[in-house]
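Asks: So I've got this file, work_15.csv, and it contains CSV, C-alpha atoms:
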chain,number,residue,atom,x,y,z
L,737,MET,CA,13.2,49.7,19.8
L,738,LYS,CA,15.7,49.6,17.0
L,739,ARG,CA,17.8,46.9,18.8
L,740,ALA,CA,14.7,44.8,19.3
L,741,VAL,CA,13.8,45.1,15.6
L,742,LEU,CA,17.4,44.3,14.6
L,743,GLY,CA,17.4,41.3,16.9
L,744,SER,CA,14.1,40.1,15.3
L,745,LEU,CA,15.6,40.5,11.8
L,746,VAL,CA,18.7,38.5,12.8
L,747,ALA,CA,16.6,35.8,14.3
L,748,ALA,CA,14.5,35.6,11.3
L,749,PHE,CA,17.5,35.4,9.0
L,750,VAL,CA,19.0,32.6,11.1
L,751,VAL,CA,15.7,30.6,10.9
L,752,ALA,CA,15.5,31.2,7.2
L,753,SER,CA,19.1,30.1,6.7
L,754,LEU,CA,18.5,26.9,8.7
L,755,VAL,CA,15.4,26.2,6.5
L,756,VAL,CA,17.5,26.7,3.3
L,757,VAL,CA,20.3,24.5,4.7
L,758,ASP,CA,17.8,21.8,5.7
L,759,ALA,CA,16.2,21.9,2.2
L,760,ALA,CA,19.6,21.7,0.6
L,761,GLU,CA,20.4,18.5,2.5
L,762,ALA,CA,17.4,16.7,1.0
L,763,ALA,CA,18.5,14.3,-1.7
L,764,VAL,CA,17.3,11.7,-4.2
L,765,LEU,CA,19.2,8.5,-3.5
L,766,ARG,CA,19.1,5.3,-5.6
L,767,TYR,CA,20.1,1.8,-4.6
L,768,ARG,CA,22.7,0.3,-6.9
L,769,ALA,CA,22.2,-3.4,-7.7
L,770,SER,CA,20.7,-5.7,-5.0
L,771,GLY,CA,21.5,-6.0,-1.4
L,772,ASN,CA,20.8,-4.9,2.2
L,773,TRP,CA,19.3,-1.5,2.9
L,774,ASN,CA,22.1,-0.6,5.2
L,775,LEU,CA,24.8,-0.5,2.5
L,776,ILE,CA,26.4,2.6,0.9
L,777,THR,CA,27.9,2.1,-2.6
L,778,ASP,CA,31.4,2.9,-3.6
L,779,GLY,CA,30.1,3.4,-7.2
L,780,ALA,CA,30.4,-0.3,-8.1
L,781,SER,CA,29.3,-2.3,-5.0
L,782,PRO,CA,25.6,-2.6,-3.9
L,783,GLY,CA,24.2,0.2,-1.8
L,784,TRP,CA,22.8,3.7,-1.7
L,785,GLY,CA,24.3,6.5,-3.9
L,786,PRO,CA,23.2,9.6,-5.7
L,787,ASN,CA,20.6,9.3,-8.4
L,788,PRO,CA,21.2,8.0,-11.0
L,789,VAL,CA,24.7,6.7,-10.2
L,790,GLY,CA,27.7,7.6,-8.2
L,791,VAL,CA,29.6,7.1,-5.0
L,792,GLY,CA,27.4,7.2,-1.9
L,793,THR,CA,28.0,9.1,1.3
L,794,SER,CA,25.0,8.2,3.5
L,795,LEU,CA,21.8,6.1,3.9
L,796,PRO,CA,18.5,7.8,3.0
L,797,GLY,CA,17.3,10.1,5.8
L,798,ALA,CA,14.1,11.8,6.9
L,799,SER,CA,14.3,14.4,4.1
L,800,ASP,CA,15.4,12.1,1.3
L,801,ASP,CA,13.7,10.3,-1.5
L,802,ALA,CA,14.8,6.7,-1.7
L,803,ARG,CA,14.5,4.8,-5.0
L,804,VAL,CA,14.6,1.1,-5.6
L,805,ASN,CA,14.8,0.9,-9.4
L,806,PHE,CA,18.1,-0.5,-10.6
L,807,GLY,CA,17.2,-3.0,-13.3
L,808,ASN,CA,14.6,-4.9,-11.2
L,809,ASN,CA,16.9,-5.1,-8.2
L,810,THR,CA,15.9,-6.4,-4.8
L,811,VAL,CA,16.6,-4.4,-1.6
L,812,THR,CA,16.1,-6.1,1.8
L,813,VAL,CA,15.3,-4.5,5.1
L,814,ASN,CA,16.3,-6.8,8.0
L,815,THR,CA,16.6,-4.3,10.8
L,816,THR,CA,15.1,-0.9,11.9
L,817,VAL,CA,16.4,1.5,9.3
L,818,PRO,CA,16.5,5.3,9.5
L,819,ASP,CA,13.2,7.2,8.8
L,820,VAL,CA,12.9,8.4,5.2
L,821,SER,CA,10.8,10.9,3.4
L,822,ARG,CA,9.6,8.9,0.5
L,823,VAL,CA,10.3,5.4,-1.0
L,824,GLN,CA,9.7,4.8,-4.7
L,825,ILE,CA,9.9,1.2,-5.8
L,826,GLY,CA,9.9,0.7,-9.6
L,827,VAL,CA,10.2,4.3,-10.7
L,828,ASP,CA,11.4,4.5,-14.4
L,829,GLU,CA,12.8,1.0,-13.9
L,830,SER,CA,11.5,-2.0,-12.0
L,831,GLY,CA,12.5,-2.8,-8.5
L,832,ILE,CA,11.6,-5.0,-5.5
L,833,LEU,CA,11.7,-4.1,-1.8
L,834,GLU,CA,11.5,-6.8,0.9
L,835,VAL,CA,10.9,-6.1,4.6
L,836,ASN,CA,11.9,-9.3,6.5
L,837,ASN,CA,11.7,-10.5,10.1
L,838,GLY,CA,13.0,-7.8,12.4
L,839,GLY,CA,12.9,-5.2,9.6
L,840,VAL,CA,11.1,-1.8,10.2
L,841,LEU,CA,10.7,0.8,7.5
L,842,THR,CA,9.1,4.1,8.3
L,843,THR,CA,8.3,7.1,6.1
L,844,VAL,CA,7.7,10.4,7.8
L,845,THR,CA,6.0,13.7,6.8
L,846,SER,CA,7.8,16.0,9.3
L,847,SER,CA,10.3,17.1,6.7
L,848,GLY,CA,9.1,15.4,3.6
L,849,ASN,CA,6.5,13.5,1.7
L,850,GLY,CA,5.7,10.4,3.7
L,851,ASP,CA,4.6,8.2,0.8
L,852,ILE,CA,5.6,4.7,-0.4
L,853,LEU,CA,4.9,4.0,-4.1
L,854,ALA,CA,5.0,0.5,-5.5
L,855,GLY,CA,5.2,1.3,-9.2
L,856,ASN,CA,5.5,4.9,-10.3
L,857,ASN,CA,6.2,6.3,-13.8
L,858,ASN,CA,6.8,4.2,-16.9
L,859,SER,CA,4.6,1.6,-18.4
L,860,ASN,CA,7.6,-0.8,-18.5
L,861,ALA,CA,8.3,-0.5,-14.8
L,862,THR,CA,6.8,-2.6,-12.0
L,863,GLY,CA,7.3,-1.9,-8.3
L,864,THR,CA,6.9,-4.7,-5.8
L,865,LEU,CA,6.7,-4.4,-2.0
L,866,ASN,CA,6.9,-7.6,0.0
L,867,VAL,CA,6.3,-7.5,3.8
L,868,ASN,CA,7.2,-10.8,5.2
L,869,ASN,CA,6.6,-12.5,8.6
L,870,GLY,CA,8.0,-10.2,11.4
L,871,GLY,CA,8.4,-7.3,9.1
L,872,THR,CA,6.8,-3.9,9.7
L,873,VAL,CA,6.2,-0.9,7.3
L,874,ASN,CA,4.9,2.4,8.7
L,875,VAL,CA,3.6,4.7,5.9
L,876,GLY,CA,3.5,8.3,7.1
L,877,ARG,CA,1.0,9.4,4.4
L,878,ILE,CA,-0.2,7.5,1.3
L,879,LEU,CA,0.5,4.0,0.1
L,880,TRP,CA,0.4,3.9,-3.7
L,881,ALA,CA,0.4,1.0,-6.2
L,882,ALA,CA,0.5,1.3,-10.0
L,883,ASN,CA,0.7,5.0,-10.3
L,884,ASP,CA,1.6,7.0,-13.5
L,885,ASN,CA,1.2,4.2,-16.0
L,886,SER,CA,3.3,1.7,-14.1
L,887,ASP,CA,2.3,-1.6,-12.5
L,888,GLY,CA,2.5,-2.3,-8.8
L,889,ASN,CA,2.4,-5.3,-6.5
L,890,ILE,CA,2.1,-5.3,-2.7
L,891,ASN,CA,2.3,-8.6,-0.8
L,892,ILE,CA,1.7,-8.5,2.9
L,893,ASN,CA,2.5,-12.0,3.9
L,894,SER,CA,1.4,-13.9,7.0
L,895,GLY,CA,2.9,-12.2,10.1
L,896,GLY,CA,3.7,-9.0,8.1
L,897,GLN,CA,2.3,-5.7,9.3
L,898,VAL,CA,1.7,-2.5,7.4
L,899,ASN,CA,0.4,0.7,9.0
L,900,VAL,CA,-0.9,3.5,6.8
L,901,ALA,CA,-1.7,7.0,8.1
L,902,SER,CA,-3.6,8.2,5.1
L,903,HIS,CA,-5.0,7.1,1.7
L,904,LEU,CA,-4.7,3.8,-0.1
L,905,TRP,CA,-4.5,4.6,-3.9
L,906,TRP,CA,-4.1,1.3,-5.7
L,907,GLY,CA,-4.3,0.8,-9.5
L,908,VAL,CA,-4.3,4.5,-10.2
L,909,SER,CA,-3.3,4.3,-13.9
L,910,GLY,CA,-1.7,0.9,-14.2
L,911,THR,CA,-2.4,-2.6,-12.9
L,912,ALA,CA,-2.1,-3.2,-9.2
L,913,THR,CA,-2.2,-6.6,-7.4
L,914,ILE,CA,-2.5,-6.6,-3.7
L,915,ASN,CA,-2.2,-9.8,-1.6
L,916,ILE,CA,-2.9,-9.7,2.1
L,917,SER,CA,-2.4,-12.7,4.4
L,918,GLY,CA,-0.9,-10.5,7.1
L,919,THR,CA,-2.4,-7.2,8.4
L,920,LEU,CA,-2.9,-3.7,7.0
L,921,ASP,CA,-4.2,-1.1,9.4
L,922,GLN,CA,-5.3,2.3,7.9
L,923,SER,CA,-5.6,5.1,10.6
L,924,GLY,CA,-6.7,7.9,8.3
L,925,GLY,CA,-7.7,8.7,4.7
L,926,ILE,CA,-9.8,6.5,2.4
L,927,LEU,CA,-9.6,3.5,0.1
L,928,GLY,CA,-9.4,4.0,-3.7
L,929,LEU,CA,-9.1,1.1,-6.2
L,930,GLY,CA,-8.7,2.4,-9.8
L,931,THR,CA,-8.9,6.0,-8.5
L,932,ASN,CA,-6.8,8.5,-6.6
L,933,ASN,CA,-9.7,10.5,-5.3
L,934,ALA,CA,-12.3,7.9,-4.3
L,935,SER,CA,-14.6,9.6,-6.6
L,936,THR,CA,-13.7,9.2,-10.3
L,937,PRO,CA,-11.8,6.6,-12.3
L,938,THR,CA,-8.2,7.4,-13.2
L,939,GLY,CA,-7.5,4.7,-15.8
L,940,GLY,CA,-6.0,1.8,-13.8
L,941,THR,CA,-7.3,-1.2,-12.1
L,942,ALA,CA,-6.6,-3.0,-8.8
L,943,THR,CA,-7.3,-6.5,-7.6
L,944,VAL,CA,-7.1,-6.9,-3.8
L,945,ASN,CA,-7.0,-10.4,-2.4
L,946,ILE,CA,-7.6,-10.7,1.3
L,947,LEU,CA,-6.3,-14.2,1.8
L,948,ASP,CA,-6.8,-16.8,4.6
L,949,GLY,CA,-5.8,-15.2,7.9
L,950,GLY,CA,-5.4,-11.8,6.3
L,951,ALA,CA,-7.0,-8.5,7.6
L,952,LEU,CA,-7.6,-5.2,5.7
L,953,ASN,CA,-8.7,-2.7,8.3
L,954,LEU,CA,-9.8,0.4,6.6
L,955,PHE,CA,-10.4,3.9,8.1
L,956,ASN,CA,-13.0,4.8,5.5
L,957,ILE,CA,-14.6,3.8,2.2
L,958,SER,CA,-16.6,6.1,0.0
L,959,GLY,CA,-20.3,5.3,0.0
L,960,ALA,CA,-22.1,8.1,-1.9
L,961,PRO,CA,-23.0,8.5,-4.6
L,962,GLY,CA,-22.7,4.9,-5.8
L,963,THR,CA,-19.6,2.9,-5.0
L,964,PRO,CA,-16.7,5.1,-6.1
L,965,SER,CA,-14.0,3.7,-3.9
L,966,ILE,CA,-13.8,0.6,-6.1
L,967,GLN,CA,-14.0,1.7,-9.7
L,968,PRO,CA,-15.1,-0.5,-12.6
L,969,GLY,CA,-12.5,-3.2,-13.4
L,970,SER,CA,-11.3,-3.3,-9.8
L,971,VAL,CA,-12.4,-5.8,-7.2
L,972,LEU,CA,-11.8,-6.8,-3.6
L,973,ASP,CA,-11.8,-10.6,-3.1
L,974,ILE,CA,-12.1,-12.1,0.4
L,975,ASN,CA,-10.8,-15.7,0.8
L,976,GLY,CA,-10.9,-18.2,3.7
L,977,SER,CA,-10.8,-16.6,7.1
L,978,GLY,CA,-9.7,-13.2,5.6
L,979,GLN,CA,-11.6,-10.2,6.9
L,980,LEU,CA,-12.3,-6.6,5.7
L,981,THR,CA,-13.2,-4.1,8.3
L,982,VAL,CA,-14.0,-0.4,8.3
L,983,ASN,CA,-14.7,2.2,11.0
L,984,GLY,CA,-18.3,2.7,12.1
L,985,ASP,CA,-21.7,1.4,11.0
L,986,LEU,CA,-21.3,1.1,7.2
L,987,PHE,CA,-23.6,-2.0,6.9
L,988,GLY,CA,-25.5,-0.5,4.0
L,989,VAL,CA,-22.4,0.8,2.2
L,990,MET,CA,-20.7,-2.5,2.3
L,991,ASN,CA,-23.8,-4.3,1.0
L,992,ASP,CA,-23.9,-1.8,-1.9
L,993,TYR,CA,-20.3,-2.9,-2.9
L,994,ILE,CA,-21.3,-6.6,-2.5
L,995,ASN,CA,-24.4,-6.1,-4.6
L,996,ALA,CA,-22.4,-4.3,-7.3
L,997,GLY,CA,-20.0,-7.3,-7.5
L,998,LYS,CA,-17.1,-5.1,-6.3
L,999,ILE,CA,-16.6,-7.1,-3.1
L,1000,ILE,CA,-16.7,-10.8,-3.7
L,1001,GLY,CA,-15.7,-14.0,-1.9
L,1002,ALA,CA,-13.2,-16.5,-3.4
L,1003,GLY,CA,-14.2,-15.3,-6.8
L,1004,ILE,CA,-17.9,-15.7,-6.3
L,1005,PRO,CA,-20.8,-13.5,-5.1
L,1006,LEU,CA,-21.3,-12.9,-1.4
L,1007,ASN,CA,-24.6,-12.9,0.4
L,1008,PRO,CA,-24.7,-9.3,1.9
L,1009,ASN,CA,-27.2,-10.3,4.6
L,1010,LEU,CA,-24.8,-13.0,5.9
L,1011,ALA,CA,-21.4,-11.6,5.0
L,1012,VAL,CA,-21.6,-8.2,6.7
L,1013,ASP,CA,-22.0,-7.5,10.4
L,1014,PHE,CA,-21.6,-4.4,12.5
L,1015,ASN,CA,-20.4,-4.3,16.2
L,1016,VAL,CA,-20.4,-8.0,16.6
L,1017,THR,CA,-17.1,-9.6,15.4
L,1018,ASN,CA,-15.2,-6.3,15.8
L,1019,PRO,CA,-16.9,-3.8,18.1
L,1020,GLY,CA,-17.3,-0.3,16.5
L,1021,ARG,CA,-16.4,-1.6,13.0
L,1022,THR,CA,-18.3,-3.1,10.1
L,1023,THR,CA,-16.8,-6.5,9.1
L,1024,VAL,CA,-17.1,-8.4,5.8
L,1025,GLN,CA,-16.1,-12.0,5.7
L,1026,LEU,CA,-16.5,-15.0,3.3
L,1027,ILE,CA,-20.1,-16.3,3.3
L,1028,PRO,CA,-21.2,-16.9,-0.3
L,1029,GLU,CA,-24.7,-16.7,-1.7
L,1030,PRO,CA,-26.4,-20.1,-0.9
L,1031,ALA,CA,-27.5,-20.6,-4.5
L,1032,THR,CA,-24.0,-19.9,-5.7
L,1033,VAL,CA,-22.6,-22.3,-3.2
L,1034,MET,CA,-25.0,-25.0,-4.3
L,1035,LEU,CA,-24.1,-24.5,-8.0
L,1036,PHE,CA,-20.4,-24.5,-7.1
L,1037,ALA,CA,-20.8,-27.7,-5.1
L,1038,LEU,CA,-22.7,-29.4,-7.9
L,1039,GLY,CA,-20.1,-28.4,-10.4
L,1040,LEU,CA,-17.3,-29.6,-8.1
L,1041,GLY,CA,-19.2,-32.9,-7.6
L,1042,GLY,CA,-19.4,-33.3,-11.4
L,1043,ILE,CA,-15.6,-32.7,-11.7
L,1044,VAL,CA,-14.9,-35.3,-9.0
L,1045,LEU,CA,-17.3,-37.7,-10.7
L,1046,ARG,CA,-15.6,-37.3,-14.1
L,1047,LYS,CA,-12.2,-37.8,-12.5
L,1048,ARG,CA,-13.4,-41.1,-10.9
L,1049,ARG,CA,-14.6,-42.3,-14.2
Give the structure from this file in structure tokens form.
Replies:
Amino acid sequence: MKRAVLGSLVAAFVVASLVVVDAAEAAVLRYRASGNWNLITDGASPGWGPNPVGVGTSLPGASDDARVNFGNNTVTVNTTVPDVSRVQIGVDESGILEVNNGGVLTTVTSSGNGDILAGNNNSNATGTLNVNNGGTVNVGRILWAANDNSDGNININSGGQVNVASHLWWGVSGTATINISGTLDQSGGILGLGTNNASTPTGGTATVNILDGGALNLFNISGAPGTPSIQPGSVLDINGSGQLTVNGDLFGVMNDYINAGKIIGAGIPLNPNLAVDFNVTNPGRTTVQLIPEPATVMLFALGLGGIVLRKRR
């Protein structure tokens, strides 16, 4: 019996030691200057090193916090890079992260945070995430924009793909601008514009532009009470053939957002009876697309005709 207890204690000590060692290996790494993700700095050249400065020894790993914030630097991802715990773009200082054709960036929660933040901490800092044609970003937990009084930009360009496992918190306490002409798929969590709880405002604003050919495929959007997923000052604007979809039959909820002027089309009101459908365009999902109010379209056309007439004169 004593040997069994002693063996258990030894095993527990070994496990605890491994946990401590693993935690000790976690690091905050900062990219010096501008360049390719797969570089390690010698203290002067571009690449990853310890935060805030120093000679690097490795690329960010699954337990590490990777920061792109060296005087508005630009870091490019052109291949599949090692999984990382968290990526902060524009934390304290501005920074830009570009994921290009063939580039795959993944954040994981197995031994860390799993978030990507575009803009985090400092009113003078702006974080920008660009996902270009052929680039893929997999977010293990939350995709943030404009958190902690910073500004944030996310551009998912045509052919770019972003997969998010949990919440979309955009415009939390700064100004967020999101442009989507590629695809964003959310597999869990909820949408929040101007909020980080899909319930109450948190001081910031977000403008989301779903552009021609773009798709924002949500897992969920808050519908009661009111329209709290899109707080006052924030808006979701659908343009061209762009589409917004959400799981399930949320016909009434999406109409509420349209009637409140929080979901619009090309800067003008949508007709909720025409713009929203369930289980037609995308089976099992509610879809919102650009079909403006007829009266608004007529006024817009008359105004446009007047502009053309004046130009001809």
Asks: Do you know which residues are at most 8 Å from segment 912-929 of chain L counting only C-alpha atoms, after dropping those on the same chain fewer than 4 positions away, and could you put them as number ranges by chain?
Replies: L: 869, 881-882, 887-908, 933-934, 940-958, 964-967, 970-971, 978
Asks: Using only C-alpha atoms, please write the residues we just selected to a file, as a compact mmCIF listing (two decimals), in the frame of the given file.
Replies:
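Once written, selection09.txt looks like this:
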# COMPACT_ATOMS: atom_id res chain seq x y z
CA ASN L 869 6.60 -12.50 8.60
CA ALA L 881 0.40 1.00 -6.20
CA ALA L 882 0.50 1.30 -10.00
CA ASP L 887 2.30 -1.60 -12.50
CA GLY L 888 2.50 -2.30 -8.80
CA ASN L 889 2.40 -5.30 -6.50
CA ILE L 890 2.10 -5.30 -2.70
CA ASN L 891 2.30 -8.60 -0.80
CA ILE L 892 1.70 -8.50 2.90
CA ASN L 893 2.50 -12.00 3.90
CA SER L 894 1.40 -13.90 7.00
CA GLY L 895 2.90 -12.20 10.10
CA GLY L 896 3.70 -9.00 8.10
CA GLN L 897 2.30 -5.70 9.30
CA VAL L 898 1.70 -2.50 7.40
CA ASN L 899 0.40 0.70 9.00
CA VAL L 900 -0.90 3.50 6.80
CA ALA L 901 -1.70 7.00 8.10
CA SER L 902 -3.60 8.20 5.10
CA HIS L 903 -5.00 7.10 1.70
CA LEU L 904 -4.70 3.80 -0.10
CA TRP L 905 -4.50 4.60 -3.90
CA TRP L 906 -4.10 1.30 -5.70
CA GLY L 907 -4.30 0.80 -9.50
CA VAL L 908 -4.30 4.50 -10.20
CA ASN L 933 -9.70 10.50 -5.30
CA ALA L 934 -12.30 7.90 -4.30
CA GLY L 940 -6.00 1.80 -13.80
CA THR L 941 -7.30 -1.20 -12.10
CA ALA L 942 -6.60 -3.00 -8.80
CA THR L 943 -7.30 -6.50 -7.60
CA VAL L 944 -7.10 -6.90 -3.80
CA ASN L 945 -7.00 -10.40 -2.40
CA ILE L 946 -7.60 -10.70 1.30
CA LEU L 947 -6.30 -14.20 1.80
CA ASP L 948 -6.80 -16.80 4.60
CA GLY L 949 -5.80 -15.20 7.90
CA GLY L 950 -5.40 -11.80 6.30
CA ALA L 951 -7.00 -8.50 7.60
CA LEU L 952 -7.60 -5.20 5.70
CA ASN L 953 -8.70 -2.70 8.30
CA LEU L 954 -9.80 0.40 6.60
CA PHE L 955 -10.40 3.90 8.10
CA ASN L 956 -13.00 4.80 5.50
CA ILE L 957 -14.60 3.80 2.20
CA SER L 958 -16.60 6.10 0.00
CA PRO L 964 -16.70 5.10 -6.10
CA SER L 965 -14.00 3.70 -3.90
CA ILE L 966 -13.80 0.60 -6.10
CA GLN L 967 -14.00 1.70 -9.70
CA SER L 970 -11.30 -3.30 -9.80
CA VAL L 971 -12.40 -5.80 -7.20
CA GLY L 978 -9.70 -13.20 5.60
Asks: Skip segment 852-858 of chain L itself and residues of its chain fewer than 6 positions away, then list as a ChimeraX atom specification all residues within 9 Å of it, counting only C-alpha atoms.
Replies: /L:821-833,843,864-865,875-890,910,912
Asks: By how many Å are atom CA of Asp851 of chain L and atom CA of Pro796 of chain L apart?
Replies: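 A separation of 14.1 Å between them.
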Asks: Rounded to one decimal in Å, what is the spacing between atom CA of Ala1002 of chain L and atom CA of Asn975 of chain L?
Replies: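 Value for the atom CA of Ala1002 of chain L-atom CA of Asn975 of chain L distance: 4.9 Å.
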Asks: What lies within 12 Å of Gly988 of chain L using all atoms listed in the file, ignoring chain neighbours under 2 positions off, as a ChimeraX atom specification?
Replies: /L:957-960,962-963,984-986,990-995,1008-1009,1011-1014,1022-1024
Asks: Please, what distance in Å, to one decimal, runs between atom CA of Asn868 of chain L and atom CA of Gln979 of chain L?
Replies: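 Straight-line distance from atom CA of Asn868 of chain L to atom CA of Gln979 of chain L works out to 18.9 Å.
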Asks: Given the choices L:Gly792, L:Lys998, L:Ser935, L:Phe987, which gets closest to Leu1010 of chain L if the distance is worked out from all atoms listed in the file?
Replies: L:Phe987
Asks: Neighbouring residues of Arg766 of chain L were defined as those with any atom within 12 Å, considering only C-alpha atoms; residues of the same chain fewer than 5 positions away were excluded. Please report them as a PyMOL selection string.
Replies: chain L and resi 773+775-777+779+782-796+800-807+809+811+822-829+831
Asks: Considering all atoms listed in the file, return as a list in words whatever protein or nucleic-acid residues lie within 7 Å of Val835 of chain L, sequence-local ones (same chain, fewer than 6 positions apart) excluded.
Replies: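 Once the nearby chain positions are removed, what remains is Thr812, Val813, Asn814, Asn866, Val867, Asn868, Gly871 and Thr872 of chain L.
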Asks: Counting all atoms listed in the file, figure out which residue out of L:Ser846, L:Asn836, L:Ser781, L:Asn772 gets nearest to Thr810 of chain L.
Replies: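 Nearest to Thr810 of chain L: L:Asn772.
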Asks: Which one is closest to Gln1025 of chain L: L:Gly997, L:Gly976, L:Gly939, L:Pro961? Count only C-alpha atoms.
Replies: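 Ranking L:Gly997, L:Gly976, L:Gly939, L:Pro961 by distance to Gln1025 of chain L, first place goes to L:Gly976.
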Asks: Restricting the calculation to all atoms listed in the file, which member of L:Pro968, L:Val989, L:Leu980, L:Ala861 is positioned closest to Thr936 of chain L?
Replies: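 Counting all atoms listed in the file, the residue closest to Thr936 of chain L is L:Pro968.
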Asks: Give the answer as one residue: which of L:Ala769, L:Val817, L:Ile1004, L:Ile1027 has the shortest atom-to-atom distance to Ser977 of chain L, using all atoms listed in the file?
Replies: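 Looking at the shortest contact to Ser977 of chain L, the residue is L:Ile1027.
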